[in-house]
Amino acid sequence: MTEYNGYSFFGPSTLKELLEEVALFDGSIAFLAGGTDLIIELKKGKKKPHLVIDVSQIPELNGVHEENGFLHIGSATTFSQLARHPLIVEKGLCLAQAARKIGSEQIRNRGTLGGNIASASPAGDCLPVLLVLEAMITLQNPDGVRRLPLSQVLQGSGRTCLTPNELITGIDFPVLDGGYVSGFEKLGSRTAVTVAKLNLAAVIKVDQENHSITEARIAVGALGETAFRLPDLEQNLVGEINPFLLHLFEDMLTETVDNAISGRYSHPYKREAIRGLAEDMFVNLFGASSVPGGRTHG
Amino acid sequence: MVLEMTVNGKAIKVEVNPNARLLDVLRENLGLTGAKEGCSGEGECGACTVIMDGKAVNSCLVLALQARGKEIITIEGLESNGELDRLQQAFIDQGAIQCGYCTPGMIMAAKALLMGNPHPSEAEIRLGIAGNLCRCTGYLKIISAIQEVAGTNLRKGGQDDDGV
Amino acid sequence: MGEEGQGLKYVGKNLPIHDGAAKVRGRIKYTGDLALEGMLIAKLLFSPLPHAKILSIDAKAALAIPGVIGVYTHENTPKTHYNSQVWFDGQEAMTLEDERIFTDTVRFVGDKVAAVLAVDERTAQEALGLIKVEYEALPFNVDPEKAFDNVVSIHPVQEPFFTKEFHCGNSDEVFEQAEIIVEDRVETPKVHHAAMEPHVCIAVPDHNGKITILTPCQIMYSVRLTVAKVLGLPFNKVRVIKTPMGGSFGGKQEVILEPLCAYLAQSSEKPVKLELNRKECIISTRTRTKVIGVVKTAVDGRGKILARDFQVIADTGAYTSNGAAIVSAMGKKLFRLYRVDNQRYQGRAVHTNTTVAGACRGYGTPQIMAISELNIDSTARRLGMDPLEFRVKNLVQPQDSDLSGGPSLGDARVIECALEGAKAFEWSEKRAREPLVGRYKRGVGMACSTHGNGYYGAFQDFVTMTLRMLEDGSMILLSGLHELGCGTITSTKQIIAEVMDMDPDRIEMSEGDTETSPYDIGSQASRVMHVCGAAALKIAQSVKGLFRSQAAFIFKCSPEDVVMCDEMTWSIKEPDKRLTYGEIARTVQRQHQLELIITETYRATDNPGSYGANFVEVEVDTLTGLIKVLDVVAAFDVGKAINPDFVKGQIYGGIQMGVGFALTEDIKIDPLTGIVKSDSFANYHIVNAPDMPPMRVILIEKGENDGPYGAKSIGEIATCAIAPAIVSAVNHALGTNLTVLPLTPERILMGLLPQKK
């Protein structure tokens, strides 16, 4: 094994330039966007690429636009941009809410959506959100493009399906029209700048006339290796809205925790605490009056 | 490799290692030691905060070469012609400084906040500096100093009583 | 002790900190900002094991790297034993000397194994990874209560290695007869000081065998003492210069990096910088001492405390450090807050295979107050009494004596703190409020505290200063002051300016430099404003006396007739003939060949208590266990605030530390591996801006002590009552009796489980 002599740096300004370099380069490559995870790993020697390619100054990889009923997000779009982008706020609110709750202002100004996926942290805040938005992830290498659902991209804690010379270029999901409400809730160990102990994302379609839920998508994070959807719970939420719905939601989330992390040190806490997140989510989606006694503070 | 960027209004051209962080280049190559490293380069303390293209960033989490073509403002660049920025003066006047180690990063985070939102509420200020840790002041006078510049200050020294 | 009766011009005013402009401009140079010519960089290798014998260290590969100057281990460094806490020659006899620059047996994860000295950090870091160490793992223990079994031997001593008892009256007898006895077990965590500036120092050798050490320290003479001892140098060949302090809180009070750094400089004949990163600071420097206390209180039915008993264990970690001293310090405080005729304190200190404990803001007081105050709370609960009323009935009063034999409490105004604080907080109204129903519960709590003012009554406490007036009337104070960021320099200027009647900006003050500063025992024991401030006042009065007698000679009047005002002086008999201070100084030099300079030693003459009462309102989320501190009122008896803004700054910062101590901060150690789990600011949470509560401060300023203008300490006591007040409020909100700090969300939910079932 040859000694590691550090990495060289390439800073392309177009995707074409990037792909050309990737095609030519003989050695391991790390794609650097916001750097809020990768630079720490590089410094600690946890990752030892031969080449670091900076994607933070490629205009094609940055920005949000709407096309044919889909929102397209460049992989190098920062959390700060997502947090206040009018299209996201209007048509994918839960993503804006998640972006607002990530790290500090400094972190949000650098950290990117593509980076959140590539890091594949079990607690990554945008991951349950992208699951409920049914986002497709576009991956690209010099040989071509593939478009996969997020659940196929995430393969475990810190693991994705990306091949060594492949990068995430974009994320897209169908816009949530007026019939949908969506939300993100997070539980950390303090109000701001905290890693999620639990996070929860929801997309709900409400039929106002019939006072019922016609579609529910729920996903949780920080309960195992990757964020995941809760199909049973989703099915149970569909139907007429009744006073017992919150209770059902809470109970099923507790059951989810029991199934996911029984025996772990954090299990007794999380099975209780997720009920708090459930209430927070109801308030977020349906207003303060949707929880018993209203919400006195929070 | 050669890095070209603008620092405090001046065009800079400097030879850097690929693994050098913006913080390293500011401190070691340019002698701008106002930005500090307080958390082992993890972006958790904010002491290294500088403004890059109008936004607060942790300079410990930006590779120097990522700053190519960017405009950087450091604490040393806030004053103009020997006159302190209003925020700097407010930190002195409000007693927002104790040991001073977090001060440059704190001021730069606050400056970026005010550049984007000239009249932030107290809650917005608290969130705006949430990534900047201070062990001395309990943040109260720092918040007062920012409020003074934002024009949302109640009165000097924050919201305490003046004793009996 | 005050200056002549008239209104004060500078004392009691909110002058800004003297180096504020340099700090906001980013121009002040902390030690880590310095790069000296030819300076080498040292990096440390730390033990990955909690207890192990080092069998061999292979540094060949590291030494082969170009740019590596040397690798240092226990094999090629001095074997002198020392104790990092010792600050005067002779103190070592009171404790154990069990530290060395490098050890052959590592005793905690983070113990120093080796150092690489190289031309730059990158090279040093690379070489560090190539050092191969072979260990023989030894049994280890991280649990202070298990230390008593003496199964794991960390040092060749029996555990507990130190026991201290204080008592008054006959508590055993009272407990036997008492009808109401309330007992609690309270646990407080190891805490990281979290000064934003990591530990750092630079050592510079000269051509004559002298080593100069640049270090942000609290006790430069302690650094000199230990470095001289380890390097075998005479004291005058070790020069310690106190550099700007980027926060300390006791963490830089002990001598941690300096002996090694000095040795590396001596051996390489080059300047050497040794700087730790955050993780290294957390795992390998010092922590607040973890303390476990079992406390019993006997009361009568009307709420009079009859007796108290404290059994306390202090976990000093892998090396003795201040383990003995802190056990004594904690005990003493208990005899200075409540009137208890029959009381016993037994404190015992043990070693564990964990990060070494040391001085940390309050020096045991936050821990012992948590233990005492939470039990006061549960005693009040048992009696069905309001905790404020119960306290006021039993708190000490001005001029009470210390029944354990310590110095008089002085003008102890803790009852005033409690009553004024309660009024501002609206204690009775809030306490009587109907509890909230539903998810969020609110509660209010309070706690009191005392802390000292120097070493009078325990150790020598004196300071020497030289004050001179220059030919332009400006002044220089030479002293061993250590500014820690609290405003010491500015406050001292205010005192001298008040006496001399001149602009404080016209007074220059160097900080500690062992070659040029007179002796000072350092920035410790809450002594600086009370003792050093008094010294500054005294010496200013002496210089003023000299000035007046000389001016009287010039004005041909008596010294009493000399008026001094805003750097102008005249005889009251000839008000039109005015001279500047500078003109006097120049004339005196010319005509009398005399300099207006005086050197004086001041010896502390009292050690009154500082006092405080804190009131807190919290909201607890019973579903997630998260706690919000909604409101804090902090009342402190500080005698006199020389600079009220600085005093409040100390209180706000003390509350920040105390909120962390109560709710989030804990150096968690994995019992299976001995590894510190909370080793970065990502998982060791100090309170950030969004979680800081609003704070209201009340200062009680009644003077009546030997401090300057009656000033007493605030820096340490500021953090001593807040944590038990928060825990008390949480217990009030939830109807629990939680006593293990910090109150993490996990502990809250587990505490609530019995109620939910």
# chains A, B, ... in the order shown; residues from 1 in each chain; ligands from 1
call {"tool": "residues_around", "arguments": {"residues": "stretch 283-290 of chain A", "least_positions_apart": "2", "cutoff": "9 Å", "atoms": "only C-alpha atoms", "output": "ChimeraX atom specification"}}
result
/A:181-185,202-204,243,246,278-281,292-296
call {"tool": "interface_residues", "arguments": {"of": "chain A", "to": "chain C", "cutoff": "6 Å", "atoms": "only C-alpha atoms", "output": "compact mmCIF listing (two decimals) with N, CA, C and O atoms, in the first residue's frame"}}
result
# COMPACT_ATOMS: atom_id res chain seq x y z
N TYR A 269 -36.21 6.30 26.13
CA TYR A 269 -36.46 7.73 25.95
C TYR A 269 -37.23 7.99 24.66
O TYR A 269 -38.25 8.68 24.65
N ALA A 273 -40.58 10.12 23.85
CA ALA A 273 -40.39 11.45 23.28
C ALA A 273 -41.03 11.60 21.91
O ALA A 273 -41.44 12.70 21.52
N GLY A 276 -44.17 13.44 21.75
CA GLY A 276 -44.08 14.91 21.70
C GLY A 276 -43.97 15.40 20.27
O GLY A 276 -44.62 16.36 19.87
call {"tool": "select_by_dssp", "arguments": {"residues": "chain B", "states": "strand (DSSP E)", "output": "ChimeraX atom specification"}}
result
/B:2-7,10-15,49-52,55-58,71-73
call {"tool": "interface_residues", "arguments": {"of": "chain B", "to": "chain A", "cutoff": "8 Å", "atoms": "only C-alpha atoms", "output": "list of chain:residue names"}}
result
B:Pro18, B:Asn19, B:Gly41, B:Glu42, B:Gly43, B:Gly46, B:Thr49, B:Lys55, B:Ala56, B:Val57, B:Asn58, B:Leu61, B:Val62, B:Leu63, B:Leu65, B:Gln66, B:Ala109, B:Leu127, B:Gly128, B:Ile129, B:Ala130, B:Gly131
call {"tool": "interface_residues", "arguments": {"of": "chain B", "to": "chain C", "cutoff": "7 Å", "atoms": "only C-alpha atoms", "output": "ChimeraX atom specification"}}
result
/B:33-34,38-40,44,75-76,88,92-93,95,97-104,126-127,129-130,133-139,159-164
call {"tool": "residues_around", "arguments": {"residues": "stretch 209-218 of chain A", "least_positions_apart": "6", "cutoff": "7 Å", "atoms": "only C-alpha atoms", "output": "MDAnalysis selection string"}}
result
chainID A and resid 132 201:203 229:230 234 237:241
call {"tool": "write_last_selection", "arguments": {"atoms": "all heavy atoms", "output": "CSV table (one decimal), in the first residue's frame"}}
result
chain,number,residue,atom,x,y,z
A,132,VAL,N,-40.9,11.5,2.2
A,132,VAL,CA,-42.3,11.8,2.1
A,132,VAL,C,-42.7,12.6,0.8
A,132,VAL,O,-43.8,12.6,0.4
A,132,VAL,CB,-42.9,12.4,3.4
A,132,VAL,CG1,-42.8,11.5,4.5
A,132,VAL,CG2,-42.2,13.8,3.7
A,201,ALA,N,-41.2,13.5,9.3
A,201,ALA,CA,-41.7,14.4,8.2
A,201,ALA,C,-43.1,13.8,7.8
A,201,ALA,O,-43.3,12.6,7.8
A,201,ALA,CB,-40.8,14.3,7.0
A,202,ALA,N,-43.9,14.7,7.3
A,202,ALA,CA,-45.3,14.2,6.9
A,202,ALA,C,-45.8,15.0,5.7
A,202,ALA,O,-45.5,16.2,5.6
A,202,ALA,CB,-46.3,14.4,8.1
A,203,VAL,N,-46.4,14.3,4.8
A,203,VAL,CA,-47.2,14.9,3.7
A,203,VAL,C,-48.6,14.3,3.8
A,203,VAL,O,-48.8,13.1,3.9
A,203,VAL,CB,-46.6,14.6,2.4
A,203,VAL,CG1,-47.6,15.0,1.3
A,203,VAL,CG2,-45.3,15.4,2.2
A,229,ARG,N,-39.9,5.2,5.7
A,229,ARG,CA,-41.4,5.5,5.6
A,229,ARG,C,-42.1,4.5,6.5
A,229,ARG,O,-41.6,3.4,6.8
A,229,ARG,CB,-41.9,5.3,4.2
A,229,ARG,CG,-41.5,6.4,3.2
A,229,ARG,CD,-42.5,7.6,3.2
A,229,ARG,NE,-43.8,7.3,2.7
A,229,ARG,CZ,-44.1,7.4,1.4
A,229,ARG,NH1,-43.3,7.9,0.5
A,229,ARG,NH2,-45.4,7.2,1.0
A,230,LEU,N,-43.3,4.9,6.9
A,230,LEU,CA,-44.1,4.1,7.8
A,230,LEU,C,-45.4,3.7,7.1
A,230,LEU,O,-46.5,4.3,7.4
A,230,LEU,CB,-44.4,4.8,9.1
A,230,LEU,CG,-43.2,5.4,9.8
A,230,LEU,CD1,-43.6,6.2,11.0
A,230,LEU,CD2,-42.3,4.2,10.3
A,234,GLU,N,-49.3,5.1,7.7
A,234,GLU,CA,-49.9,5.9,6.6
A,234,GLU,C,-51.3,5.4,6.3
A,234,GLU,O,-52.2,6.2,6.2
A,234,GLU,CB,-49.0,5.9,5.4
A,234,GLU,CG,-47.6,6.6,5.6
A,234,GLU,CD,-46.7,6.4,4.5
A,234,GLU,OE1,-47.0,5.7,3.5
A,234,GLU,OE2,-45.6,7.0,4.5
A,237,LEU,N,-53.9,6.3,8.9
A,237,LEU,CA,-54.3,7.7,9.0
A,237,LEU,C,-55.3,8.1,8.0
A,237,LEU,O,-56.0,9.0,8.1
A,237,LEU,CB,-53.0,8.6,8.8
A,237,LEU,CG,-52.0,8.6,10.0
A,237,LEU,CD1,-50.9,9.5,9.6
A,237,LEU,CD2,-52.7,9.1,11.3
A,238,VAL,N,-55.4,7.3,6.9
A,238,VAL,CA,-56.3,7.6,5.8
A,238,VAL,C,-57.7,7.3,6.3
A,238,VAL,O,-58.0,6.3,7.0
A,238,VAL,CB,-56.0,6.8,4.6
A,238,VAL,CG1,-57.1,6.9,3.5
A,238,VAL,CG2,-54.7,7.2,4.0
A,239,GLY,N,-58.6,8.2,6.1
A,239,GLY,CA,-60.0,8.1,6.5
A,239,GLY,C,-60.5,9.3,7.2
A,239,GLY,O,-59.9,10.4,7.1
A,240,GLU,N,-61.6,9.2,7.8
A,240,GLU,CA,-62.2,10.4,8.4
A,240,GLU,C,-61.4,10.9,9.6
A,240,GLU,O,-60.8,10.1,10.3
A,240,GLU,CB,-63.6,10.0,8.9
A,240,GLU,CG,-64.5,11.2,9.1
A,240,GLU,CD,-65.9,10.9,9.7
A,240,GLU,OE1,-66.2,9.7,9.6
A,240,GLU,OE2,-66.5,11.7,10.2
A,241,ILE,N,-61.3,12.2,9.7
A,241,ILE,CA,-60.6,12.8,10.8
A,241,ILE,C,-61.4,12.7,12.0
A,241,ILE,O,-62.6,13.2,12.0
A,241,ILE,CB,-60.2,14.3,10.5
A,241,ILE,CG1,-59.3,14.3,9.2
A,241,ILE,CG2,-59.5,14.9,11.7
A,241,ILE,CD1,-58.9,15.7,8.8
call {"tool": "select_by_dssp", "arguments": {"residues": "stretch 356-446 of chain C", "states": "alpha helix (DSSP H)", "output": "short mmCIF file (atom, residue, chain, number, x, y, z; two decimals) with N, CA, C and O atoms, in the first residue's frame"}}
result
data_model
loop_
_atom_site.label_atom_id
_atom_site.label_comp_id
_atom_site.auth_asym_id
_atom_site.auth_seq_id
_atom_site.Cartn_x
_atom_site.Cartn_y
_atom_site.Cartn_z
N THR C 365 -17.97 24.89 45.28
CA THR C 365 -19.19 25.50 45.81
C THR C 365 -20.44 25.16 44.98
O THR C 365 -21.48 24.84 45.56
N PRO C 366 -20.39 25.20 43.65
CA PRO C 366 -21.60 24.82 42.91
C PRO C 366 -22.06 23.40 43.25
O PRO C 366 -23.26 23.12 43.33
N GLN C 367 -21.08 22.51 43.46
CA GLN C 367 -21.43 21.13 43.79
C GLN C 367 -22.04 21.04 45.19
O GLN C 367 -23.12 20.46 45.37
N ILE C 368 -21.36 21.63 46.17
CA ILE C 368 -21.85 21.46 47.54
C ILE C 368 -23.15 22.23 47.74
O ILE C 368 -24.02 21.82 48.50
N MET C 369 -23.33 23.34 47.00
CA MET C 369 -24.59 24.08 47.11
C MET C 369 -25.72 23.28 46.46
O MET C 369 -26.86 23.31 46.93
N ALA C 370 -25.42 22.58 45.37
CA ALA C 370 -26.46 21.73 44.77
C ALA C 370 -26.90 20.68 45.78
O ALA C 370 -28.10 20.44 45.98
N ILE C 371 -25.92 20.09 46.44
CA ILE C 371 -26.24 19.05 47.42
C ILE C 371 -27.06 19.62 48.57
O ILE C 371 -28.11 19.10 48.94
N SER C 372 -26.55 20.71 49.11
CA SER C 372 -27.22 21.31 50.28
C SER C 372 -28.59 21.88 49.92
O SER C 372 -29.58 21.63 50.60
N GLU C 373 -28.65 22.66 48.85
CA GLU C 373 -29.87 23.39 48.54
C GLU C 373 -31.01 22.47 48.08
O GLU C 373 -32.18 22.74 48.36
N LEU C 374 -30.67 21.40 47.37
CA LEU C 374 -31.75 20.50 46.95
C LEU C 374 -32.34 19.80 48.17
O LEU C 374 -33.55 19.54 48.23
N ASN C 375 -31.51 19.55 49.16
CA ASN C 375 -32.01 18.95 50.39
C ASN C 375 -32.79 19.97 51.23
O ASN C 375 -33.81 19.62 51.86
N ILE C 376 -32.38 21.20 51.21
CA ILE C 376 -33.17 22.26 51.88
C ILE C 376 -34.57 22.29 51.26
O ILE C 376 -35.59 22.38 51.96
N ASP C 377 -34.59 22.17 49.94
CA ASP C 377 -35.85 22.16 49.22
C ASP C 377 -36.74 20.99 49.65
O ASP C 377 -37.94 21.16 49.90
N SER C 378 -36.14 19.79 49.68
CA SER C 378 -37.02 18.66 50.00
C SER C 378 -37.42 18.68 51.47
O SER C 378 -38.48 18.19 51.83
N THR C 379 -36.58 19.30 52.31
CA THR C 379 -36.97 19.45 53.71
C THR C 379 -38.17 20.40 53.84
O THR C 379 -39.14 20.11 54.56
N ALA C 380 -38.12 21.49 53.10
CA ALA C 380 -39.26 22.42 53.12
C ALA C 380 -40.53 21.72 52.63
O ALA C 380 -41.62 21.90 53.19
N ARG C 381 -40.35 20.91 51.59
CA ARG C 381 -41.49 20.18 51.03
C ARG C 381 -42.09 19.26 52.10
O ARG C 381 -43.31 19.19 52.28
N ARG C 382 -41.19 18.55 52.82
CA ARG C 382 -41.66 17.64 53.85
C ARG C 382 -42.45 18.41 54.93
O ARG C 382 -43.48 17.94 55.44
N LEU C 383 -41.94 19.61 55.24
CA LEU C 383 -42.59 20.41 56.28
C LEU C 383 -43.86 21.10 55.77
O LEU C 383 -44.61 21.68 56.55
N PRO C 387 -40.35 27.22 50.50
CA PRO C 387 -38.88 27.13 50.60
C PRO C 387 -38.20 28.46 50.89
O PRO C 387 -37.13 28.49 51.49
N LEU C 388 -38.83 29.54 50.47
CA LEU C 388 -38.26 30.87 50.80
C LEU C 388 -38.37 31.13 52.30
O LEU C 388 -37.41 31.51 52.96
N GLU C 389 -39.55 30.88 52.81
CA GLU C 389 -39.79 31.10 54.24
C GLU C 389 -38.86 30.22 55.09
O GLU C 389 -38.28 30.66 56.08
N PHE C 390 -38.75 28.96 54.68
CA PHE C 390 -37.88 28.03 55.40
C PHE C 390 -36.43 28.52 55.40
O PHE C 390 -35.74 28.49 56.42
N ARG C 391 -36.00 29.01 54.26
CA ARG C 391 -34.62 29.49 54.18
C ARG C 391 -34.43 30.73 55.06
O ARG C 391 -33.47 30.81 55.83
N VAL C 392 -35.33 31.68 54.90
CA VAL C 392 -35.16 32.94 55.64
C VAL C 392 -35.10 32.68 57.14
O VAL C 392 -34.37 33.33 57.87
N LYS C 393 -35.82 31.69 57.58
CA LYS C 393 -35.81 31.32 58.99
C LYS C 393 -34.44 30.83 59.46
O LYS C 393 -34.10 30.93 60.64
N ASN C 394 -33.68 30.28 58.53
CA ASN C 394 -32.45 29.61 58.93
C ASN C 394 -31.16 30.22 58.38
O ASN C 394 -30.07 29.81 58.78
N VAL C 414 -27.40 37.67 53.01
CA VAL C 414 -28.08 36.70 52.16
C VAL C 414 -29.60 36.78 52.33
O VAL C 414 -30.36 36.57 51.37
N ILE C 415 -30.04 37.14 53.51
CA ILE C 415 -31.50 37.25 53.70
C ILE C 415 -32.04 38.39 52.84
O ILE C 415 -33.10 38.27 52.21
N GLU C 416 -31.27 39.47 52.78
CA GLU C 416 -31.68 40.59 51.92
C GLU C 416 -31.73 40.14 50.45
O GLU C 416 -32.64 40.52 49.71
N CYS C 417 -30.73 39.36 50.05
CA CYS C 417 -30.73 38.83 48.67
C CYS C 417 -32.01 38.02 48.44
O CYS C 417 -32.68 38.18 47.41
N ALA C 418 -32.34 37.17 49.40
CA ALA C 418 -33.50 36.29 49.24
C ALA C 418 -34.79 37.11 49.16
O ALA C 418 -35.64 36.87 48.30
N LEU C 419 -34.92 38.09 50.04
CA LEU C 419 -36.17 38.85 50.08
C LEU C 419 -36.31 39.81 48.90
O LEU C 419 -37.38 39.90 48.30
N GLU C 420 -35.22 40.49 48.57
CA GLU C 420 -35.28 41.41 47.43
C GLU C 420 -35.48 40.63 46.13
O GLU C 420 -36.23 41.05 45.25
N GLY C 421 -34.78 39.52 46.03
CA GLY C 421 -34.92 38.69 44.83
C GLY C 421 -36.34 38.17 44.70
O GLY C 421 -36.94 38.20 43.61
N ALA C 422 -36.89 37.71 45.80
CA ALA C 422 -38.26 37.15 45.78
C ALA C 422 -39.27 38.20 45.36
O ALA C 422 -40.21 37.93 44.61
N LYS C 423 -39.03 39.42 45.83
CA LYS C 423 -39.96 40.50 45.49
C LYS C 423 -39.93 40.78 43.99
O LYS C 423 -40.96 40.85 43.33
N ALA C 424 -38.72 40.92 43.46
CA ALA C 424 -38.59 41.22 42.02
C ALA C 424 -39.13 40.07 41.17
O ALA C 424 -39.69 40.29 40.10
N PHE C 425 -38.96 38.87 41.66
CA PHE C 425 -39.38 37.69 40.91
C PHE C 425 -40.89 37.45 41.01
O PHE C 425 -41.48 36.76 40.19
N TRP C 427 -42.19 35.96 43.69
CA TRP C 427 -42.09 34.57 44.14
C TRP C 427 -43.42 34.04 44.67
O TRP C 427 -43.89 32.98 44.24
N SER C 428 -43.99 34.78 45.61
CA SER C 428 -45.19 34.24 46.27
C SER C 428 -46.31 34.04 45.26
O SER C 428 -46.99 33.01 45.27
N GLU C 429 -46.48 35.03 44.36
CA GLU C 429 -47.54 34.93 43.37
C GLU C 429 -47.30 33.72 42.46
O GLU C 429 -48.21 32.94 42.18
N LYS C 430 -46.07 33.59 42.01
CA LYS C 430 -45.78 32.50 41.08
C LYS C 430 -45.85 31.13 41.76
O LYS C 430 -46.25 30.14 41.16
N ARG C 431 -45.43 31.10 43.00
CA ARG C 431 -45.43 29.84 43.72
C ARG C 431 -46.87 29.37 43.96
O ARG C 431 -47.16 28.18 43.99
N ALA C 432 -47.76 30.34 44.14
CA ALA C 432 -49.15 30.00 44.47
C ALA C 432 -50.00 29.69 43.24
O ALA C 432 -51.15 29.28 43.35
#
call {"tool": "residues_around", "arguments": {"residues": "C:Thr212", "least_positions_apart": "5", "cutoff": "9 Å", "atoms": "only C-alpha atoms", "output": "short mmCIF file (atom, residue, chain, number, x, y, z; two decimals) with all heavy atoms, in the first residue's frame"}}
result
data_model
loop_
_atom_site.label_atom_id
_atom_site.label_comp_id
_atom_site.auth_asym_id
_atom_site.auth_seq_id
_atom_site.Cartn_x
_atom_site.Cartn_y
_atom_site.Cartn_z
N ILE C 202 3.64 28.89 24.90
CA ILE C 202 4.86 28.99 24.10
C ILE C 202 6.02 29.13 25.08
O ILE C 202 5.92 29.90 26.04
CB ILE C 202 4.81 30.21 23.15
CG1 ILE C 202 3.73 30.03 22.10
CG2 ILE C 202 6.17 30.45 22.50
CD1 ILE C 202 3.52 31.24 21.20
N ALA C 203 7.08 28.38 24.84
CA ALA C 203 8.27 28.53 25.67
C ALA C 203 9.44 28.95 24.79
O ALA C 203 9.60 28.43 23.68
CB ALA C 203 8.59 27.22 26.38
N VAL C 204 10.20 29.90 25.28
CA VAL C 204 11.30 30.47 24.49
C VAL C 204 12.59 30.40 25.31
O VAL C 204 12.68 31.00 26.38
CB VAL C 204 11.00 31.95 24.14
CG1 VAL C 204 12.05 32.48 23.16
CG2 VAL C 204 9.60 32.11 23.58
N PRO C 205 13.59 29.67 24.81
CA PRO C 205 14.86 29.63 25.53
C PRO C 205 15.73 30.83 25.14
O PRO C 205 15.58 31.37 24.04
CB PRO C 205 15.49 28.33 25.03
CG PRO C 205 14.96 28.18 23.64
CD PRO C 205 13.63 28.87 23.57
N ASP C 206 16.59 31.26 26.02
CA ASP C 206 17.54 32.30 25.58
C ASP C 206 18.95 31.73 25.61
O ASP C 206 19.16 30.54 25.88
CB ASP C 206 17.38 33.58 26.41
CG ASP C 206 18.04 33.49 27.77
OD1 ASP C 206 18.51 32.38 28.14
OD2 ASP C 206 18.10 34.51 28.46
N LYS C 237 15.65 31.73 36.53
CA LYS C 237 15.89 31.30 35.15
C LYS C 237 14.60 30.85 34.47
O LYS C 237 14.60 30.31 33.36
CB LYS C 237 16.92 30.16 35.10
CG LYS C 237 18.33 30.62 35.43
CD LYS C 237 18.93 31.42 34.27
CE LYS C 237 20.41 31.75 34.54
NZ LYS C 237 20.95 32.65 33.51
N VAL C 238 13.50 31.00 35.17
CA VAL C 238 12.20 30.71 34.56
C VAL C 238 11.39 32.00 34.61
O VAL C 238 11.11 32.52 35.68
CB VAL C 238 11.45 29.60 35.32
CG1 VAL C 238 10.07 29.38 34.70
CG2 VAL C 238 12.24 28.30 35.30
N ARG C 239 11.08 32.51 33.45
CA ARG C 239 10.30 33.75 33.39
C ARG C 239 8.93 33.41 32.82
O ARG C 239 8.83 32.86 31.73
CB ARG C 239 11.00 34.76 32.50
CG ARG C 239 10.24 36.07 32.37
CD ARG C 239 10.98 37.01 31.44
NE ARG C 239 10.30 38.31 31.39
CZ ARG C 239 10.66 39.30 30.58
NH1 ARG C 239 11.70 39.15 29.79
NH2 ARG C 239 9.99 40.43 30.59
N VAL C 240 7.90 33.75 33.55
CA VAL C 240 6.55 33.45 33.09
C VAL C 240 5.83 34.77 32.79
O VAL C 240 5.77 35.66 33.65
CB VAL C 240 5.75 32.66 34.14
CG1 VAL C 240 4.35 32.35 33.64
CG2 VAL C 240 6.49 31.37 34.49
N ILE C 241 5.34 34.88 31.58
CA ILE C 241 4.59 36.07 31.19
C ILE C 241 3.15 35.66 30.93
O ILE C 241 2.88 34.77 30.12
CB ILE C 241 5.20 36.73 29.93
CG1 ILE C 241 6.63 37.18 30.23
CG2 ILE C 241 4.32 37.89 29.46
CD1 ILE C 241 7.38 37.69 29.01
N ALA C 262 8.20 23.88 28.25
CA ALA C 262 9.48 24.47 28.67
C ALA C 262 10.61 23.47 28.45
O ALA C 262 11.69 23.83 27.99
CB ALA C 262 9.40 24.87 30.14
#
call {"tool": "atom_distance", "arguments": {"atom1": "atom CA of C:Val109", "atom2": "atom CA of C:Val86"}}
result
23.7 Å
call {"tool": "residues_around", "arguments": {"residues": "C:Ala307", "least_positions_apart": "5", "cutoff": "8 Å", "atoms": "only C-alpha atoms", "output": "list in words"}}
result
Ser171, Val174, Phe175, Thr297, Ala298, Val299, Val340, Asp341, Asn342 and Gln343 of chain C
call {"tool": "closest_residue", "arguments": {"among": "C:Asn150, C:Ser404, C:Ser542, C:Ser284", "to": "C:Val350", "atoms": "only C-alpha atoms"}}
result
C:Asn150
call {"tool": "closest_residue", "arguments": {"among": "A:Glu60, A:Glu67, A:Lys270, A:Lys91", "to": "A:Asp177", "atoms": "only C-alpha atoms"}}
result
A:Lys91
call {"tool": "residues_around", "arguments": {"residues": "stretch 250-254 of chain C", "least_positions_apart": "6", "cutoff": "6 Å", "atoms": "only C-alpha atoms", "output": "list in words"}}
result
Ser84, Gln85, His193, Cys217, Gln218, Ala359, Cys360 and Arg361 of chain C
call {"tool": "atom_distance", "arguments": {"atom1": "atom CA of C:Phe547", "atom2": "atom CA of C:Val563"}}
result
10.7 Å
